[in-house]
Every structure is written in C-alpha cells, then in structure tokens.
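Novice: Okay, so here is structure_1.cif, and as you'll see once you scroll down, it has mmCIF, C-alpha atoms and all ligand atoms.
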```
data_start
#
loop_
_atom_site.label_atom_id
_atom_site.label_comp_id
_atom_site.auth_asym_id
_atom_site.auth_seq_id
_atom_site.Cartn_x
_atom_site.Cartn_y
_atom_site.Cartn_z
CA MET A 9 -9.97 -1.94 -14.91
CA PHE A 10 -10.22 -5.71 -14.87
CA ILE A 11 -6.84 -7.16 -13.98
CA GLU A 12 -7.26 -9.69 -16.84
CA LEU A 13 -7.71 -6.92 -19.41
CA THR A 14 -4.21 -5.62 -18.71
CA ASP A 15 -2.93 -8.76 -20.51
CA HIS A 16 -4.62 -7.48 -23.68
CA LEU A 17 -3.31 -3.91 -23.60
CA ARG A 18 -0.66 -2.63 -25.95
CA CYS A 19 1.47 0.48 -26.03
CA PRO A 20 -0.25 3.16 -28.15
CA ALA A 21 3.07 4.61 -29.34
CA ASP A 22 4.03 4.24 -32.99
CA HIS A 23 6.35 1.23 -32.82
CA ASP A 24 5.99 -2.54 -33.27
CA GLU A 25 3.21 -3.90 -31.11
CA SER A 26 4.26 -4.28 -27.49
CA PHE A 27 2.47 -5.35 -24.34
CA LEU A 28 2.37 -3.11 -21.26
CA VAL A 29 3.67 -4.16 -17.86
CA LEU A 30 1.33 -3.47 -14.96
CA LEU A 31 2.63 -2.19 -11.63
CA PRO A 32 -0.52 -2.12 -9.48
CA ASP A 33 -0.68 0.19 -6.48
CA ARG A 34 -4.19 -0.57 -5.30
CA MET A 35 -6.53 -3.44 -6.14
CA GLU A 36 -10.20 -4.02 -5.27
CA GLY A 37 -10.94 -7.68 -5.90
CA ARG A 38 -10.06 -8.28 -9.56
CA SER A 39 -10.09 -4.58 -10.40
CA VAL A 40 -6.99 -2.41 -10.59
CA ARG A 41 -7.90 0.95 -9.09
CA THR A 42 -4.52 2.66 -9.16
CA GLY A 43 -1.30 1.71 -10.85
CA GLN A 44 1.12 2.25 -13.68
CA LEU A 45 1.42 0.57 -17.06
CA GLY A 46 4.86 0.67 -18.64
CA CYS A 47 6.06 -0.12 -22.15
CA PRO A 48 9.27 -2.20 -22.28
CA VAL A 49 10.01 -0.96 -25.84
CA CYS A 50 9.75 2.85 -25.58
CA GLY A 51 9.71 3.30 -21.83
CA ARG A 52 6.52 5.35 -21.78
CA THR A 53 4.36 4.95 -18.70
CA PHE A 54 0.61 5.40 -18.36
CA GLN A 55 -1.28 6.02 -15.14
CA LEU A 56 -4.36 4.13 -14.04
CA THR A 57 -6.39 6.48 -11.86
CA ASP A 58 -9.73 5.52 -10.27
CA GLY A 59 -9.52 2.41 -12.44
CA VAL A 60 -9.42 4.44 -15.68
CA LEU A 61 -6.57 4.34 -18.23
CA ASN A 62 -6.06 7.70 -19.92
CA THR A 63 -3.26 7.85 -22.49
CA GLY A 64 -3.67 11.62 -22.76
CA ASP A 65 -4.56 11.85 -26.46
CA ALA A 66 -8.29 11.05 -26.50
CA PRO A 67 -10.40 13.00 -28.99
CA VAL A 68 -12.78 15.57 -27.55
CA LEU A 69 -16.25 14.26 -28.33
CA VAL A 70 -18.93 16.92 -28.41
CA ARG A 71 -21.79 16.30 -26.05
CA GLY A 72 -24.99 15.51 -27.88
CA ASN A 73 -23.36 12.94 -30.15
CA ALA A 74 -25.92 10.32 -29.18
CA SER A 75 -25.81 6.80 -30.53
CA VAL A 76 -28.88 5.31 -32.23
CA LEU A 77 -27.65 1.86 -31.26
CA ASP A 78 -29.48 0.44 -28.28
CA ALA A 79 -28.37 -2.64 -26.38
CA GLU A 80 -30.62 -4.99 -28.38
CA ALA A 81 -29.25 -3.66 -31.67
CA ILE A 82 -25.65 -3.86 -30.46
CA THR A 83 -26.16 -7.43 -29.29
CA ALA A 84 -27.86 -8.55 -32.51
CA LEU A 85 -25.36 -6.86 -34.83
CA VAL A 86 -22.16 -7.88 -33.08
CA GLY A 87 -23.56 -11.42 -32.87
CA LEU A 88 -21.64 -12.91 -29.94
CA SER A 89 -22.78 -16.41 -29.10
CA GLY A 90 -21.93 -17.47 -25.61
CA PRO A 91 -19.81 -16.11 -22.77
CA GLY A 92 -16.12 -15.30 -22.62
CA GLY A 93 -13.75 -12.71 -23.97
CA TYR A 94 -14.19 -9.00 -24.48
CA LEU A 95 -16.53 -6.66 -26.34
CA THR A 96 -15.28 -3.12 -26.89
CA LEU A 97 -17.71 -0.20 -27.13
CA VAL A 98 -16.17 2.97 -28.57
CA GLY A 99 -17.76 6.41 -28.15
CA PRO A 100 -21.28 7.29 -27.01
CA ALA A 101 -22.66 3.73 -27.38
CA ALA A 102 -20.52 2.79 -24.39
CA GLY A 103 -23.12 4.57 -22.26
CA ARG A 104 -25.39 1.56 -22.89
CA TRP A 105 -22.98 -0.88 -21.28
CA ARG A 106 -25.24 -2.01 -18.42
CA GLU A 107 -27.96 -3.22 -20.79
CA VAL A 108 -25.36 -4.72 -23.14
CA ALA A 109 -23.88 -6.61 -20.18
CA GLU A 110 -27.29 -8.00 -19.22
CA LEU A 111 -27.85 -9.30 -22.76
CA ASN A 112 -24.32 -10.78 -23.02
CA PRO A 113 -23.62 -12.54 -19.73
CA GLY A 114 -20.03 -13.61 -19.21
CA VAL A 115 -18.66 -11.19 -21.79
CA ALA A 116 -16.36 -8.54 -20.30
CA LEU A 117 -16.92 -5.03 -21.61
CA VAL A 118 -14.42 -2.31 -22.47
CA ALA A 119 -15.51 1.31 -22.93
CA VAL A 120 -13.19 3.50 -25.01
CA ASN A 121 -13.89 7.25 -25.01
CA PRO A 122 -17.31 6.82 -23.39
CA PRO A 123 -19.48 9.71 -22.20
CA SER A 124 -17.24 11.75 -19.90
CA ASP A 125 -19.23 11.09 -16.74
CA MET A 126 -18.69 7.33 -16.96
CA THR A 127 -16.63 5.79 -14.19
CA ASP A 128 -14.86 2.46 -13.94
CA SER A 129 -16.97 -0.12 -12.13
CA PRO A 130 -17.39 -3.90 -11.91
CA GLY A 131 -18.39 -5.13 -15.38
CA ILE A 132 -16.76 -2.34 -17.37
CA SER A 133 -13.20 -1.15 -17.96
CA VAL A 134 -12.82 2.47 -19.08
CA ILE A 135 -10.10 3.77 -21.41
CA HIS A 136 -9.60 7.27 -22.83
CA SER A 137 -7.23 7.26 -25.79
CA GLY A 138 -6.54 8.49 -29.31
CA THR A 139 -6.28 4.89 -30.55
CA LEU A 140 -7.36 1.49 -29.28
CA PRO A 141 -4.50 0.54 -26.92
CA LEU A 142 -5.46 -3.12 -27.28
CA LYS A 143 -3.53 -6.01 -28.80
CA SER A 144 -4.31 -7.01 -32.37
CA GLY A 145 -6.85 -9.81 -32.67
CA SER A 146 -7.80 -9.71 -28.99
CA MET A 147 -11.49 -8.66 -28.93
CA ARG A 148 -14.64 -10.65 -29.78
CA GLY A 149 -16.33 -7.55 -31.16
CA VAL A 150 -16.01 -3.78 -31.51
CA VAL A 151 -18.80 -1.22 -31.74
CA LEU A 152 -17.73 2.15 -33.16
CA SER A 153 -20.39 4.73 -32.55
CA ARG A 154 -20.83 8.20 -33.96
CA PRO A 155 -18.76 10.18 -34.82
CA LEU A 156 -15.70 7.88 -34.67
CA ALA A 157 -16.94 5.40 -37.29
CA ASP A 158 -16.61 8.18 -39.88
CA ASP A 159 -12.87 8.39 -39.15
CA GLU A 160 -10.84 5.85 -41.15
CA GLY A 161 -8.17 5.73 -38.46
CA TRP A 162 -10.68 4.46 -35.91
CA VAL A 163 -12.12 1.97 -38.40
CA ARG A 164 -8.60 0.60 -38.99
CA GLU A 165 -8.06 0.33 -35.25
CA ALA A 166 -11.37 -1.52 -34.79
CA VAL A 167 -10.60 -4.17 -37.42
CA ARG A 168 -7.07 -4.51 -36.08
CA VAL A 169 -8.15 -5.42 -32.54
CA VAL A 170 -11.04 -7.73 -33.42
CA LEU A 171 -10.43 -11.47 -33.69
CA PRO A 172 -10.23 -12.76 -37.27
CA GLY A 173 -13.70 -13.33 -38.71
CA LEU A 174 -15.49 -11.59 -35.85
CA ARG A 175 -17.43 -8.38 -36.26
CA VAL A 176 -17.06 -4.65 -36.12
CA VAL A 177 -20.27 -2.61 -35.98
CA GLY A 178 -20.01 0.98 -37.19
CA GLU A 179 -22.39 3.88 -36.93
CA GLY A 180 -21.62 6.16 -39.86
CA ASN A 181 -20.81 6.09 -43.56
CA ASN A 182 -19.76 2.77 -45.06
CA PRO A 183 -16.07 2.06 -44.35
CA PRO A 184 -13.38 1.80 -47.04
CA PRO A 185 -13.72 -1.56 -48.85
CA ASP A 186 -9.99 -2.24 -48.58
CA VAL A 187 -10.28 -2.11 -44.77
CA VAL A 188 -13.64 -3.69 -43.96
CA GLU A 189 -15.47 -6.52 -45.69
CA LEU A 190 -19.10 -5.47 -45.33
CA LEU A 191 -21.62 -8.06 -44.18
CA ALA A 192 -24.55 -5.65 -43.99
CA SER A 193 -25.31 -1.95 -44.12
CA ALA A 194 -28.55 0.00 -43.63
CA ASP A 195 -29.65 3.37 -42.29
CA GLY A 196 -26.17 4.54 -41.39
CA VAL A 197 -25.16 1.39 -39.51
CA TRP A 198 -22.84 -1.25 -40.93
CA VAL A 199 -21.45 -4.60 -39.87
CA GLY A 200 -18.22 -6.00 -41.22
CA THR A 201 -15.09 -8.02 -40.64
CA ARG A 202 -11.43 -7.38 -41.31
CA VAL A 203 -10.47 -7.72 -44.97
CA ARG A 204 -8.38 -10.88 -45.25
ZN ZN B 301 5.87 1.88 -26.24
#
```
In structure tokens, how does this file's structure come out?
Ligand SMILES: [Zn+2]

Specialist:
Amino acid sequence: MFIELTDHLRCPADHDESFLVLLPDRMEGRSVRTGQLGCPVCGRTFQLTDGVLNTGDAPVLVRGNASVLDAEAITALVGLSGPGGYLTLVGPAAGRWREVAELNPGVALVAVNPPSDMTDSPGISVIHSGTLPLKSGSMRGVVLSRPLADDEGWVREAVRVVLPGLRVVGEGNNPPPDVVELLASADGVWVGTRVR
C-alpha cells in the first residue's frame, strides 16, 4: 500500500468518520508492506500483510464475474483530466489496473475486492473490505464493477468517497435517483455524480 494512501483511509466501523493511525513494521520505498492501522475512536486494529489491507468482512465474489469495462472505457467514462489523486476500482474491473495506469499517468490506483490472485505492487494498493474504508470526498473517481454496482450499499459508498462533482462509473442496473445523479447510462453501464 502506498504510504500516502494511508492518509485517506477511514475506520470501517459504524461510528462517525475517523482516520486510521499507521504503525508500519516494514516499508519498501514508499510502500508499506507490513504494519497495523488503528482507529483512535473504537480501538479496532487492522493488519497490513504483504501490502494488502483486509478488514475481514469482504464479500465473496464468485469467479467468472467478469467486467465488460476495459481500460479505454474506464478512462473515458471516469473522465480524469491530468495527473494527481486517486482512482478506485472496485471488483473485477480492478484486474485491468495496469492498462488503466498506462492511460492515466500520475493517478494512483486503489483496488478494492479485486480478483483474488491480485497482489499489492508499485502502482496499485489492494484492499479487501465490506465497505470502502476511505475518507469521504477523497477520490477522483470510483469504478464499481459487476456485481457490486447492483448493491445500493456499495453505490452509496462509492458516491460518499468521490470528490464532489467527480464521477462514479457503475456496471449494473441504474442506481437509485436519490443517491446518484445520472450523467449517462447505456447497455448496463452508468456514469453519475453524488446527488447534491
Ligand atoms: Zn473505529
């Protein structure tokens, strides 16, 4: 996990939003390989192992849930212009991160619940969790691939963590209109922003 990303993490427990305190055990350059993240509000701790944060409540995604979104589509739909910040890929689409990185230089990538064989490496931070343990309004874009975009809880998480006015791309049925303001929708893929 990028050391800088730890500034954007939040405790996934059900209390007012709180940051997590990092106690690194082993670093490789700017990557935390092993360490602990602790919540000052509830006292829970989370282990970083082989660079991966696993909060222990990630959904089991059935193999074969492929994403139709390729790197070109992800890049066009999420519409980042210029380097900086973070793009979060949730579910199977995270498997395309190398191509997404090539098309979006200078944008750090976060994979949440990616294909199970994906490891943490330079250019990508890997998280397994039942929510998005990221601070509200901290990401430049979120891509929710199948089947998570059909779950309203994940849609709410995606619009919570994205910066105001920036985009969430979903692969599934159109999201609830009180949660997402749709910009476009076609063939089971939608693009929207947080309802103001
Ligand atoms: Zn907590």

Novice: Would you mind telling me which residue in A:Glu110, A:Asp159, A:Asp65, A:Glu12 lies nearest to Gly37 in chain A when using all atoms listed in the file?

Specialist: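 Under the stated criterion, the closest residue is A:Glu12.
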
Novice: I want to know what sits within 9 Å of Leu174 in chain A, based on only C-alpha atoms, with residues of the same chain fewer than 5 positions away left out; could you give that as a list in words?

Specialist: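 Listing them by chain and then by number gives Val86, Gly87, Leu88, Met147, Arg148, Gly149, Val150, Gly200, Thr201 and Arg202 of chain A.
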
Novice: Which is closer to ligand ZN 301 (chain B) than all the others in A:Ser26, A:Thr14, A:Ser124, A:Ser146, using all atoms listed in the file?

Specialist: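 Smallest separation from ligand ZN 301 (chain B) among the options: A:Ser26.
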
Novice: Find the residues near ligand ZN 301 (chain B). Use a cut-off of 10 Å, count all atoms listed in the file, and write them as a PyMOL selection string.

Specialist: chain A and resi 18-28+46-53

Novice: Could the residues of range 89-113 of chain A that have an atom at most 12 Å from range 135-139 of chain A be listed as a tab-separated table, each with its closest atom pair and the distance in Å to one decimal, counting all atoms listed in the file and ordered by chain and ascending residue number?

Specialist:
```
residue	atom	partner	partner_atom	distance
A:Thr96	CA	A:Ile135	CA	10.2
A:Leu97	CA	A:Ile135	CA	10.3
A:Val98	CA	A:Ile135	CA	9.4
A:Gly99	CA	A:His136	CA	9.8
A:Ala102	CA	A:Ile135	CA	10.9
```

Novice: Report as a PyMOL selection string all protein, DNA and RNA residues lying within 8 Å of Pro155 in chain A, evaluated on all atoms listed in the file, omitting residues in the same chain fewer than 5 positions from it.

Specialist: chain A and resi 73+99+179-180

Novice: Residues within 8 Å of Gln55 in chain A, please, as an NGL selection string. Count all atoms listed in the file; anything in the same chain fewer than 3 positions from it doesn't count.

Specialist: :A and (42-45 or 61-63)

Novice: Nearest to Met35 in chain A: which of A:Asp58, A:Glu160, A:Glu107, A:Glu165 is it, counting all atoms listed in the file?

Specialist: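 Ranked by minimum distance to Met35 in chain A, first place goes to A:Asp58.
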
Novice: Rounded to one decimal in Å, what is the spacing between CA of Asp158 in chain A and CA of Ile82 in chain A?

Specialist: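 Separation of CA of Asp158 in chain A and CA of Ile82 in chain A: 17.8 Å.
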
Novice: Would you kindly return, as a JSON list (two decimals) with C-alpha atoms, in the coordinates of the input, each protein, DNA or RNA residue with an atom no farther than 12 Å from any atom of Ala84 in chain A, considering only C-alpha atoms and excluding same-chain residues fewer than 6 positions away?

Specialist:
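Contents of part.json, freshly written:
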```json
[["chain", "number", "residue", "atom", "x", "y", "z"],
["A", 77, "LEU", "CA", -27.65, 1.86, -31.26],
["A", 78, "ASP", "CA", -29.48, 0.44, -28.28],
["A", 108, "VAL", "CA", -25.36, -4.72, -23.14],
["A", 111, "LEU", "CA", -27.85, -9.30, -22.76],
["A", 112, "ASN", "CA", -24.32, -10.78, -23.02],
["A", 149, "GLY", "CA", -16.33, -7.55, -31.16],
["A", 151, "VAL", "CA", -18.80, -1.22, -31.74],
["A", 175, "ARG", "CA", -17.43, -8.38, -36.26],
["A", 177, "VAL", "CA", -20.27, -2.61, -35.98],
["A", 199, "VAL", "CA", -21.45, -4.60, -39.87]]
```

Novice: Please measure the separation of CA of Leu117 in chain A and CA of Leu85 in chain A, giving the value in Å to one decimal.

Specialist: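 Calculated distance between CA of Leu117 in chain A and CA of Leu85 in chain A is 15.8 Å.
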
Novice: Hey, what's within 7 Å of Gly103 in chain A if we count all atoms listed in the file and toss same-chain stuff fewer than 3 positions away? As a PyMOL selection string, please?

Specialist: chain A and resi 100+122-123

Novice: Restricting the calculation to all atoms listed in the file, which member of A:Phe54, A:Val176, A:Val60, A:Ala194 is positioned closest to Thr83 in chain A?

Specialist: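 For Thr83 in chain A, the nearest of the candidates is A:Val176.
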
Novice: Rank A:Met126, A:Val203, A:Val169, A:Ala157 by their smallest atom-to-atom distance to Asn182 in chain A, using all atoms listed in the file, and report the top residue only.

Specialist: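 Closest to Asn182 in chain A of all the choices is A:Ala157.
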
Novice: Using all atoms listed in the file, find the one residue out of A:Thr57, A:Ser75, A:Ser89, A:Ser129 that sits nearest to Arg38 in chain A.

Specialist: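 For Arg38 in chain A, the nearest of the candidates is A:Ser129.
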
Novice: Go ahead and compute the interatomic distance for CA of Val76 in chain A and CA of Gly196 in chain A, in Å to one decimal.

Specialist: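 A separation of 9.6 Å between them.
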